file work.txt (compact mmCIF, C-alpha atoms)
# COMPACT_ATOMS: atom_id res chain seq x y z
CA MET A 229 103.48 70.60 97.35
CA GLN A 230 99.95 69.26 97.51
CA ASN A 231 97.65 69.55 100.52
CA PRO A 232 95.82 66.20 100.69
CA GLY A 233 94.18 66.99 104.04
CA SER A 234 92.02 69.77 102.61
CA ASN A 235 89.23 70.18 100.08
CA PHE A 236 91.57 72.70 98.51
CA PRO A 237 94.61 70.80 97.18
CA GLY A 238 96.40 74.05 96.37
CA VAL A 239 98.60 75.76 98.98
CA LEU A 240 99.05 79.49 99.60
CA TYR A 241 102.67 80.27 100.52
CA ILE A 242 103.52 83.59 102.18
CA VAL A 243 107.10 84.16 101.05
CA ALA A 244 109.42 86.77 102.54
CA THR A 245 111.75 88.43 100.04
CA PRO A 246 114.91 90.54 100.57
CA ILE A 247 114.59 94.13 101.82
CA GLY A 248 117.64 95.17 99.83
CA ASN A 249 120.40 92.62 99.39
CA LEU A 250 119.16 90.02 96.87
CA GLU A 251 121.33 87.34 98.48
CA ASP A 252 119.06 87.39 101.54
CA LEU A 253 116.43 85.27 99.77
CA SER A 254 116.45 81.92 101.58
CA LEU A 255 117.06 78.58 99.86
CA ARG A 256 113.58 77.46 100.87
CA ALA A 257 112.03 80.62 99.40
CA ILE A 258 113.87 80.05 96.12
CA GLU A 259 112.60 76.46 95.97
CA VAL A 260 109.01 77.51 96.66
CA LEU A 261 109.08 80.30 94.08
CA ARG A 262 110.51 77.93 91.47
CA THR A 263 107.88 75.26 92.02
CA VAL A 264 104.60 77.10 92.59
CA ASP A 265 102.24 77.66 89.69
CA VAL A 266 101.53 81.34 90.34
CA ILE A 267 103.38 84.16 92.12
CA ALA A 268 101.10 86.92 93.41
CA ALA A 269 103.29 90.03 93.53
CA GLU A 270 102.68 93.56 94.81
CA ASP A 271 104.51 95.03 91.79
CA THR A 272 105.21 92.53 89.02
CA ARG A 273 107.81 94.77 87.35
CA HIS A 274 109.77 95.09 90.60
CA SER A 275 109.51 91.37 91.40
CA LYS A 276 110.79 90.34 87.98
CA GLN A 277 114.22 91.69 88.90
CA LEU A 278 114.39 89.47 91.98
CA LEU A 279 113.17 86.40 90.11
CA MET A 280 115.62 86.94 87.27
CA ALA A 281 118.50 87.25 89.75
CA HIS A 282 117.69 83.75 91.03
CA ASN A 283 116.76 82.18 87.66
CA ILE A 284 113.10 81.88 88.63
CA SER A 285 110.58 82.02 85.77
CA GLY A 286 107.27 81.94 87.63
CA HIS A 287 103.92 83.19 86.35
CA LEU A 288 103.40 86.62 87.93
CA ILE A 289 100.00 88.14 88.74
CA SER A 290 99.67 91.49 90.47
CA CYS A 291 98.13 91.67 93.94
CA HIS A 292 98.25 95.14 95.50
CA ASP A 293 96.14 97.46 97.64
CA TYR A 294 93.92 98.52 94.75
CA ASN A 295 93.01 95.10 93.33
CA GLU A 296 93.50 92.67 96.22
CA GLU A 297 89.85 92.44 97.22
CA GLY A 298 88.80 91.55 93.70
CA ARG A 299 91.74 89.24 93.06
CA ALA A 300 91.26 87.23 96.27
CA ALA A 301 88.24 85.34 94.92
CA ASN A 302 90.13 84.50 91.73
CA PHE A 303 93.13 83.21 93.68
CA ILE A 304 90.89 81.08 95.91
CA GLN A 305 89.32 79.60 92.78
CA LYS A 306 92.75 78.72 91.44
CA LEU A 307 93.71 77.12 94.76
CA SER A 308 90.55 75.02 94.65
CA LYS A 309 91.75 73.58 91.35
CA GLY A 310 95.08 72.46 92.82
CA ILE A 311 97.10 75.50 91.79
CA ASN A 312 99.80 76.48 94.28
CA ILE A 313 100.31 80.20 94.83
CA ALA A 314 103.14 82.18 96.46
CA LEU A 315 102.37 85.66 97.78
CA ILE A 316 105.28 88.12 97.83
CA SER A 317 105.58 91.86 98.46
CA ASP A 318 108.05 94.33 96.98
CA ALA A 319 110.40 93.75 99.91
CA GLY A 320 110.39 91.87 103.19
CA THR A 321 107.64 89.83 104.78
CA PRO A 322 104.21 90.18 103.13
CA LEU A 323 101.37 91.84 105.08
CA ILE A 324 103.75 93.89 107.30
CA SER A 325 102.58 97.35 106.14
CA ASP A 326 101.95 95.66 102.77
CA PRO A 327 98.88 94.16 101.04
CA GLY A 328 97.84 90.53 101.44
CA TYR A 329 95.57 90.48 104.47
CA ARG A 330 92.36 89.98 102.48
CA LEU A 331 93.80 87.09 100.49
CA VAL A 332 95.19 85.31 103.54
CA LYS A 333 91.92 85.76 105.46
CA ALA A 334 89.91 84.47 102.49
CA ALA A 335 92.22 81.45 102.30
CA HIS A 336 91.66 80.63 105.97
CA ASP A 337 87.90 81.17 105.62
CA GLN A 338 87.79 78.67 102.76
CA GLY A 339 89.97 76.06 104.45
CA VAL A 340 93.00 76.67 102.24
CA LYS A 341 96.33 75.68 103.75
CA VAL A 342 98.47 78.76 104.37
CA VAL A 343 102.22 78.19 104.75
CA PRO A 344 104.63 80.98 105.82
CA VAL A 345 108.15 80.96 104.39
CA PRO A 346 110.01 83.33 106.74
CA GLY A 347 112.79 85.73 105.91
CA ALA A 348 113.68 89.40 106.02
CA CYS A 349 111.50 92.01 107.73
CA ALA A 350 112.69 95.62 107.97
CA ALA A 351 111.11 96.17 111.39
CA ILE A 352 112.80 93.18 113.03
CA THR A 353 116.07 93.73 111.17
CA ALA A 354 116.23 97.31 112.45
CA LEU A 355 115.27 96.32 115.99
CA SER A 356 118.02 93.69 116.14
CA ALA A 357 120.67 96.34 115.50
CA ALA A 358 119.05 99.31 117.25
CA GLY A 359 120.75 99.06 120.65
CA LEU A 360 117.40 99.57 122.40
CA ALA A 361 115.33 97.20 124.55
CA SER A 362 113.98 94.40 122.36
CA ASP A 363 112.28 92.12 124.90
CA LYS A 364 108.99 94.01 124.50
CA PHE A 365 108.09 96.15 121.52
CA THR A 366 105.17 97.41 119.44
CA PHE A 367 105.06 97.83 115.67
CA GLU A 368 103.23 101.03 114.69
CA GLY A 369 103.84 101.01 110.93
CA PHE A 370 103.48 104.33 109.12
CA LEU A 371 102.26 107.38 111.03
CA PRO A 372 99.75 109.74 109.33
CA SER A 373 101.25 111.97 106.67
CA LYS A 374 99.69 115.19 108.00
CA SER A 375 101.36 116.78 111.03
CA LEU A 376 98.23 117.29 113.16
CA ALA A 377 97.08 113.70 112.68
CA ARG A 378 100.63 112.46 113.28
CA ILE A 379 100.90 114.41 116.55
CA HIS A 380 97.53 113.09 117.66
CA GLN A 381 98.70 109.53 117.08
CA LEU A 382 102.01 110.16 118.86
CA GLN A 383 100.14 111.60 121.85
CA LYS A 384 98.42 108.24 122.26
CA LEU A 385 101.89 106.66 122.49
CA ALA A 386 103.49 109.25 124.78
CA PHE A 387 103.51 106.87 127.75
CA GLU A 388 104.00 103.59 125.88
CA GLN A 389 106.67 101.71 127.85
CA ARG A 390 107.58 99.24 125.11
CA THR A 391 110.07 100.04 122.36
CA MET A 392 108.18 101.43 119.36
CA ILE A 393 108.92 100.66 115.70
CA PHE A 394 107.80 103.03 112.94
CA TYR A 395 108.20 103.10 109.17
CA GLU A 396 108.57 106.56 107.63
CA ALA A 397 108.79 108.01 104.14
CA PRO A 398 112.07 109.83 103.42
CA HIS A 399 110.41 113.15 102.54
CA ARG A 400 108.59 113.16 105.91
CA VAL A 401 111.28 111.84 108.22
CA LEU A 402 112.55 115.21 109.47
CA ALA A 403 109.04 116.53 110.17
CA CYS A 404 108.21 113.26 111.90
CA LEU A 405 111.26 113.49 114.16
CA GLN A 406 110.39 117.09 115.02
CA ASP A 407 106.86 116.03 115.99
CA MET A 408 108.33 113.22 118.10
CA ILE A 409 110.41 115.76 120.02
CA GLU A 410 107.24 117.70 120.81
CA ILE A 411 105.53 114.62 122.25
CA PHE A 412 108.34 112.38 123.53
CA GLY A 413 110.84 115.07 124.53
CA GLU A 414 114.25 115.85 123.07
CA HIS A 415 116.13 113.37 125.29
CA ARG A 416 114.18 110.24 124.29
CA PRO A 417 116.58 107.65 122.75
CA LEU A 418 115.93 106.70 119.14
CA THR A 419 117.65 104.71 116.42
CA LEU A 420 117.32 105.67 112.77
CA ALA A 421 117.88 102.73 110.41
CA ARG A 422 118.04 103.61 106.73
CA GLU A 423 118.52 101.55 103.55
CA LEU A 424 118.97 98.32 105.52
CA THR A 425 121.12 95.65 103.79
CA LYS A 426 121.83 98.07 100.91
CA LYS A 427 125.00 99.88 99.86
CA PHE A 428 124.27 103.03 101.87
CA GLU A 429 122.94 101.29 104.98
CA THR A 430 122.92 103.63 107.99
CA ILE A 431 122.12 102.75 111.61
CA ARG A 432 122.47 105.54 114.17
CA LEU A 433 121.48 105.65 117.84
CA GLY A 434 121.08 108.95 119.67
CA THR A 435 118.59 111.25 121.33
CA LEU A 436 115.73 112.71 119.35
CA LEU A 437 117.39 116.11 119.50
CA SER A 438 120.74 114.84 118.21
CA LEU A 439 119.10 112.91 115.38
CA VAL A 440 116.97 115.87 114.30
CA GLU A 441 120.14 117.98 114.09
CA TRP A 442 121.97 115.25 112.17
CA VAL A 443 119.16 114.59 109.67
CA SER A 444 118.54 118.31 109.09
CA LYS A 445 122.23 118.86 108.25
CA ASP A 446 122.64 115.78 106.03
CA SER A 447 120.09 115.51 103.22
CA ASP A 448 121.33 111.99 102.42
CA GLN A 449 119.60 110.84 105.61
CA GLN A 450 116.30 111.94 104.09
CA ARG A 451 116.48 109.36 101.32
CA GLY A 452 115.62 105.69 100.96
CA GLU A 453 113.67 103.29 103.16
CA ILE A 454 113.61 104.37 106.81
CA VAL A 455 112.79 102.64 110.09
CA LEU A 456 112.60 104.59 113.36
CA ILE A 457 113.05 102.69 116.64
CA VAL A 458 111.97 104.77 119.64
CA ALA A 459 112.74 103.85 123.26
CA GLY A 460 109.70 103.35 125.46
CA PHE A 461 108.61 105.73 128.18
CA GLU A 462 110.52 105.36 131.47
CA LYS A 463 109.70 106.50 134.97
CA THR A 464 113.03 107.74 136.24
CA ASP A 465 112.50 109.93 139.31
CA ASP A 466 112.71 108.71 142.91
CA ASP A 467 109.09 109.67 143.50
CA GLY A 468 108.01 107.34 140.68
CA LEU A 469 107.05 110.16 138.34
CA SER A 470 108.81 110.96 135.09
CA VAL A 471 109.56 114.36 133.66
CA GLU A 472 106.62 113.80 131.27
CA ASP A 473 104.29 112.93 134.20
CA LYS A 474 105.19 116.14 135.99
CA LYS A 475 104.92 118.26 132.86
CA THR A 476 101.44 116.87 132.20
CA MET A 477 100.34 117.60 135.76
CA ARG A 478 101.67 121.15 135.68
CA ILE A 479 99.81 121.89 132.45
CA LEU A 480 96.53 120.33 133.57
CA SER A 481 96.55 121.68 137.11
CA ALA A 482 97.03 125.21 135.78
CA GLU A 483 93.64 124.95 134.10
CA LEU A 484 91.69 122.39 136.16
CA PRO A 485 90.97 121.47 139.77
CA LEU A 486 93.79 119.31 141.13
CA SER A 487 91.69 116.16 141.50
CA GLN A 488 90.41 116.41 137.93
CA ALA A 489 93.91 117.14 136.61
CA ALA A 490 95.30 114.07 138.40
CA SER A 491 92.49 111.90 137.06
CA ILE A 492 93.09 112.95 133.46
CA ALA A 493 96.88 112.65 133.80
CA ALA A 494 96.48 109.14 135.22
CA LYS A 495 94.35 108.09 132.24
CA LEU A 496 96.89 109.52 129.80
CA SER A 497 99.98 108.00 131.39
CA GLY A 498 98.80 104.95 133.30
CA THR A 499 100.50 106.42 136.38
CA ASN A 500 98.90 106.11 139.82
CA LYS A 501 96.38 108.93 140.33
CA LYS A 502 97.29 109.40 144.01
CA MET A 503 100.99 109.89 143.14
CA LEU A 504 100.05 112.52 140.56
CA TYR A 505 97.70 114.24 142.98
CA ASN A 506 100.35 114.34 145.71
CA TYR A 507 102.84 115.83 143.28
CA GLY A 508 100.35 118.49 142.22
CA LEU A 509 99.61 119.25 145.86
CA SER A 510 103.30 119.68 146.67
CA GLU A 511 103.77 121.95 143.66
CA LYS A 512 100.90 124.17 144.74
CA LYS A 513 102.31 124.28 148.26
CA ASN A 514 105.78 125.21 147.01
CA SER A 515 104.28 127.85 144.76
CA SER A 516 102.29 129.44 147.58
CA GLU A 517 105.40 129.59 149.80
CA CYS A 518 107.40 131.48 147.17
call {"tool": "encode", "arguments": {"input": "work.txt", "output": "structure tokens"}}
result
Amino acid sequence: MQNPGSNFPGVLYIVATPIGNLEDLSLRAIEVLRTVDVIAAEDTRHSKQLLMAHNISGHLISCHDYNEEGRAANFIQKLSKGINIALISDAGTPLISDPGYRLVKAAHDQGVKVVPVPGACAAITALSAAGLASDKFTFEGFLPSKSLARIHQLQKLAFEQRTMIFYEAPHRVLACLQDMIEIFGEHRPLTLARELTKKFETIRLGTLLSLVEWVSKDSDQQRGEIVLIVAGFEKTDDDGLSVEDKKTMRILSAELPLSQAASIAAKLSGTNKKMLYNYGLSEKKNSSEC
């Protein structure tokens, strides 16, 4: 596993680990973890269980959010001496809402060879079984924990047309879904994927409203690791404007001159300003005729 083409003979392997089912660790990942000199783990106590299950007795060193910056220099020094290192997270592919970015960047900056060993990733696993469009998507990670900040972030995504993937903590999932209803509307399709690859795996597709009702009635759905897959914004009406477009225009035009309202709505939604203006004009006309 040497890297003769570099001044740094050591190699940094980025190794994906199972997100639940221990049998999902690939044969290549097992081989790498058995042969490297050091395993940099997010939580060494947690990783020991995985290594023991596969008869791997590697030397574990912690590498998490609180010590990664300081540890990176030490790991680079080890790599320079020909020591091979595997980076793993508690579950799934490292760096996806997990630590490791600073170490990988430092490795590239110093000319260290970085080798990915692919495997499980909760976001992609959930998307593959979600029943929603998967040709274009955006990974948003964890939303803010506070409701106002979360709503502000969701507002930025109100007119995102790609499928959106979120991670959410179990104790916040119901509040998060309720905030999504406020911004995306109760009819927006969403898939909740919980405890993927584990004993109580749950994957459910429905509208935001139906899932809020389901989660609020079943406390079991507020436990474990959760991925939310939200359908992207769609323009559905014959005039090219969605229900959300029209709602935005009605709210803005009630407080602002029509041209200014259309301009702001266009910036928010990416919809043609003239179409929004014409809709606002027709609404004012209909209102005056009543």
call {"tool": "closest_residue", "arguments": {"input": "work.txt", "among": "A:Ala421, A:Leu504, A:Ala314, A:Ile409", "to": "Ser470 in chain A", "atoms": "all atoms listed in the file"}}
result
A:Leu504
call {"tool": "closest_atom_pairs", "arguments": {"input": "work.txt", "of": "range 347-430 of chain A", "to": "range 436-451 of chain A", "cutoff": "7 Å", "atoms": "only C-alpha atoms", "output": "Markdown table"}}
result
| residue | atom | partner | partner_atom | distance |
| --- | --- | --- | --- | --- |
| A:Pro398 | CA | A:Gln450 | CA | 4.8 |
| A:His399 | CA | A:Gln450 | CA | 6.2 |
| A:Val401 | CA | A:Gln450 | CA | 6.5 |
| A:Leu402 | CA | A:Val440 | CA | 6.6 |
| A:Leu405 | CA | A:Val440 | CA | 6.2 |
| A:Gln406 | CA | A:Val440 | CA | 6.7 |
| A:Ile409 | CA | A:Leu436 | CA | 6.2 |
| A:Glu414 | CA | A:Leu437 | CA | 4.8 |
| A:His415 | CA | A:Leu436 | CA | 6.0 |
| A:Arg416 | CA | A:Leu436 | CA | 5.7 |
| A:Pro417 | CA | A:Leu436 | CA | 6.2 |
| A:Leu418 | CA | A:Leu436 | CA | 6.0 |
call {"tool": "closest_residue", "arguments": {"input": "work.txt", "among": "A:Lys333, A:Lys512, A:Lys341, A:Lys364", "to": "Glu297 in chain A", "atoms": "only C-alpha atoms"}}
result
A:Lys333
call {"tool": "atom_distance", "arguments": {"input": "work.txt", "atom1": "CA of Thr425 in chain A", "atom2": "CA of Phe365 in chain A"}}
result
22.0 Å
call {"tool": "atom_distance", "arguments": {"input": "work.txt", "atom1": "CA of Arg299 in chain A", "atom2": "CA of Asn249 in chain A"}}
result
29.5 Å
call {"tool": "residues_near_point", "arguments": {"input": "work.txt", "point": "(115.3, 97.8, 100.8)", "cutoff": "7 Å", "atoms": "all atoms listed in the file", "output": "MDAnalysis selection string"}}
result
chainID A and resid 247:248 319 423:426 453
call {"tool": "atom_distance", "arguments": {"input": "work.txt", "atom1": "CA of Ile393 in chain A", "atom2": "CA of Pro372 in chain A"}}
result
14.4 Å
call {"tool": "residues_around", "arguments": {"input": "work.txt", "residues": "Ser325 in chain A", "least_positions_apart": "2", "cutoff": "8 Å", "atoms": "all atoms listed in the file", "output": "VMD selection string"}}
result
chain A and resid 322 to 323 327 369 to 370
call {"tool": "residues_near_point", "arguments": {"input": "work.txt", "point": "(103.2, 107.6, 121.6)", "cutoff": "10 Å", "atoms": "all atoms listed in the file", "output": "PyMOL selection string"}}
result
chain A and resi 368+378-389+392+408+411-412+458+460-461
call {"tool": "closest_residue", "arguments": {"input": "work.txt", "among": "A:Cys291, A:Ile454, A:Ala269, A:Leu376", "to": "Thr430 in chain A", "atoms": "only C-alpha atoms"}}
result
A:Ile454
call {"tool": "closest_residue", "arguments": {"input": "work.txt", "among": "A:Ser487, A:Thr419, A:Thr353, A:Asn500", "to": "Asp252 in chain A", "atoms": "all atoms listed in the file"}}
result
A:Thr353
call {"tool": "residues_around", "arguments": {"input": "work.txt", "residues": "Ile284 in chain A", "least_positions_apart": "6", "cutoff": "9 Å", "atoms": "all atoms listed in the file", "output": "PDB file with C-alpha atoms, in the frame of the given file"}}
result
ATOM      1  CA  ILE A 258     113.870  80.050  96.120  1.00  0.00           C
ATOM      2  CA  LEU A 261     109.080  80.300  94.080  1.00  0.00           C
ATOM      3  CA  ARG A 262     110.510  77.930  91.470  1.00  0.00           C
ATOM      4  CA  LYS A 276     110.790  90.340  87.980  1.00  0.00           C
ATOM      5  CA  LEU A 278     114.390  89.470  91.980  1.00  0.00           C
TER       6      LEU A 278
END
call {"tool": "closest_residue", "arguments": {"input": "work.txt", "among": "A:Glu251, A:Ile242, A:Asn312, A:Ala301", "to": "Val266 in chain A", "atoms": "only C-alpha atoms"}}
result
A:Asn312
call {"tool": "closest_residue", "arguments": {"input": "work.txt", "among": "A:Tyr241, A:Tyr507, A:Phe303, A:Tyr395", "to": "Leu355 in chain A", "atoms": "only C-alpha atoms"}}
result
A:Tyr395
call {"tool": "residues_around", "arguments": {"input": "work.txt", "residues": "Ala268 in chain A", "least_positions_apart": "6", "cutoff": "8 Å", "atoms": "all atoms listed in the file", "output": "short mmCIF file (atom, residue, chain, number, x, y, z; two decimals) with C-alpha atoms, in the frame of the given file"}}
result
data_model
loop_
_atom_site.label_atom_id
_atom_site.label_comp_id
_atom_site.auth_asym_id
_atom_site.auth_seq_id
_atom_site.Cartn_x
_atom_site.Cartn_y
_atom_site.Cartn_z
CA LEU A 288 103.40 86.62 87.93
CA ILE A 289 100.00 88.14 88.74
CA SER A 290 99.67 91.49 90.47
CA CYS A 291 98.13 91.67 93.94
CA ILE A 313 100.31 80.20 94.83
CA ALA A 314 103.14 82.18 96.46
CA LEU A 315 102.37 85.66 97.78
CA ILE A 316 105.28 88.12 97.83
#
call {"tool": "residues_around", "arguments": {"input": "work.txt", "residues": "Ser515 in chain A", "least_positions_apart": "6", "cutoff": "12 Å", "atoms": "only C-alpha atoms", "output": "list of chain:residue names"}}
result
A:Arg478, A:Ala482, A:Gly508, A:Leu509
call {"tool": "write_last_selection", "arguments": {"input": "work.txt", "atoms": "C-alpha atoms", "output": "PDB file, in the coordinates of the input"}}
result
ATOM      1  CA  ARG A 478     101.670 121.150 135.680  1.00  0.00           C
ATOM      2  CA  ALA A 482      97.030 125.210 135.780  1.00  0.00           C
ATOM      3  CA  GLY A 508     100.350 118.490 142.220  1.00  0.00           C
ATOM      4  CA  LEU A 509      99.610 119.250 145.860  1.00  0.00           C
TER       5      LEU A 509
END
call {"tool": "build_atoms", "arguments": {"input": "work.txt", "residues": "range 256-279 of chain A", "atoms": "N, CA and C atoms", "output": "compact mmCIF listing (two decimals), keeping the file's coordinate frame"}}
result
# COMPACT_ATOMS: atom_id res chain seq x y z
N ARG A 256 114.96 77.98 100.88
CA ARG A 256 113.58 77.46 100.87
C ARG A 256 112.68 78.36 100.03
N ALA A 257 112.84 79.69 100.17
CA ALA A 257 112.03 80.62 99.40
C ALA A 257 112.27 80.44 97.91
N ILE A 258 113.53 80.26 97.53
CA ILE A 258 113.87 80.05 96.12
C ILE A 258 113.18 78.80 95.59
N GLU A 259 113.23 77.72 96.38
CA GLU A 259 112.60 76.46 95.97
C GLU A 259 111.10 76.63 95.80
N VAL A 260 110.46 77.29 96.74
CA VAL A 260 109.01 77.51 96.66
C VAL A 260 108.66 78.34 95.44
N LEU A 261 109.38 79.42 95.21
CA LEU A 261 109.08 80.30 94.08
C LEU A 261 109.32 79.61 92.74
N ARG A 262 110.24 78.66 92.72
CA ARG A 262 110.51 77.93 91.47
C ARG A 262 109.45 76.88 91.18
N THR A 263 108.77 76.39 92.22
CA THR A 263 107.88 75.26 92.02
C THR A 263 106.39 75.60 92.06
N VAL A 264 106.03 76.76 92.58
CA VAL A 264 104.60 77.10 92.59
C VAL A 264 104.13 77.42 91.18
N ASP A 265 102.82 77.40 91.01
CA ASP A 265 102.24 77.66 89.69
C ASP A 265 102.07 79.15 89.41
N VAL A 266 101.79 79.91 90.48
CA VAL A 266 101.53 81.34 90.34
C VAL A 266 102.24 82.10 91.45
N ILE A 267 102.79 83.26 91.11
CA ILE A 267 103.38 84.16 92.12
C ILE A 267 102.55 85.44 92.13
N ALA A 268 101.89 85.70 93.25
CA ALA A 268 101.10 86.92 93.41
C ALA A 268 102.04 87.99 93.97
N ALA A 269 102.28 89.04 93.18
CA ALA A 269 103.29 90.03 93.53
C ALA A 269 102.66 91.41 93.65
N GLU A 270 103.17 92.19 94.61
CA GLU A 270 102.68 93.56 94.81
C GLU A 270 102.94 94.41 93.56
N ASP A 271 104.14 94.32 93.01
CA ASP A 271 104.51 95.03 91.79
C ASP A 271 105.26 94.04 90.91
N THR A 272 104.61 93.58 89.85
CA THR A 272 105.21 92.53 89.02
C THR A 272 106.50 92.99 88.36
N ARG A 273 106.59 94.26 87.99
CA ARG A 273 107.81 94.77 87.35
C ARG A 273 108.99 94.73 88.33
N HIS A 274 108.73 95.12 89.57
CA HIS A 274 109.77 95.09 90.60
C HIS A 274 110.19 93.65 90.91
N SER A 275 109.21 92.76 91.02
CA SER A 275 109.51 91.37 91.40
C SER A 275 110.26 90.61 90.31
N LYS A 276 110.08 91.01 89.07
CA LYS A 276 110.79 90.34 87.98
C LYS A 276 112.30 90.41 88.16
N GLN A 277 112.78 91.53 88.68
CA GLN A 277 114.22 91.69 88.90
C GLN A 277 114.75 90.67 89.90
N LEU A 278 114.00 90.46 90.98
CA LEU A 278 114.39 89.47 91.98
C LEU A 278 114.36 88.06 91.40
N LEU A 279 113.30 87.74 90.68
CA LEU A 279 113.17 86.40 90.11
C LEU A 279 114.26 86.12 89.08
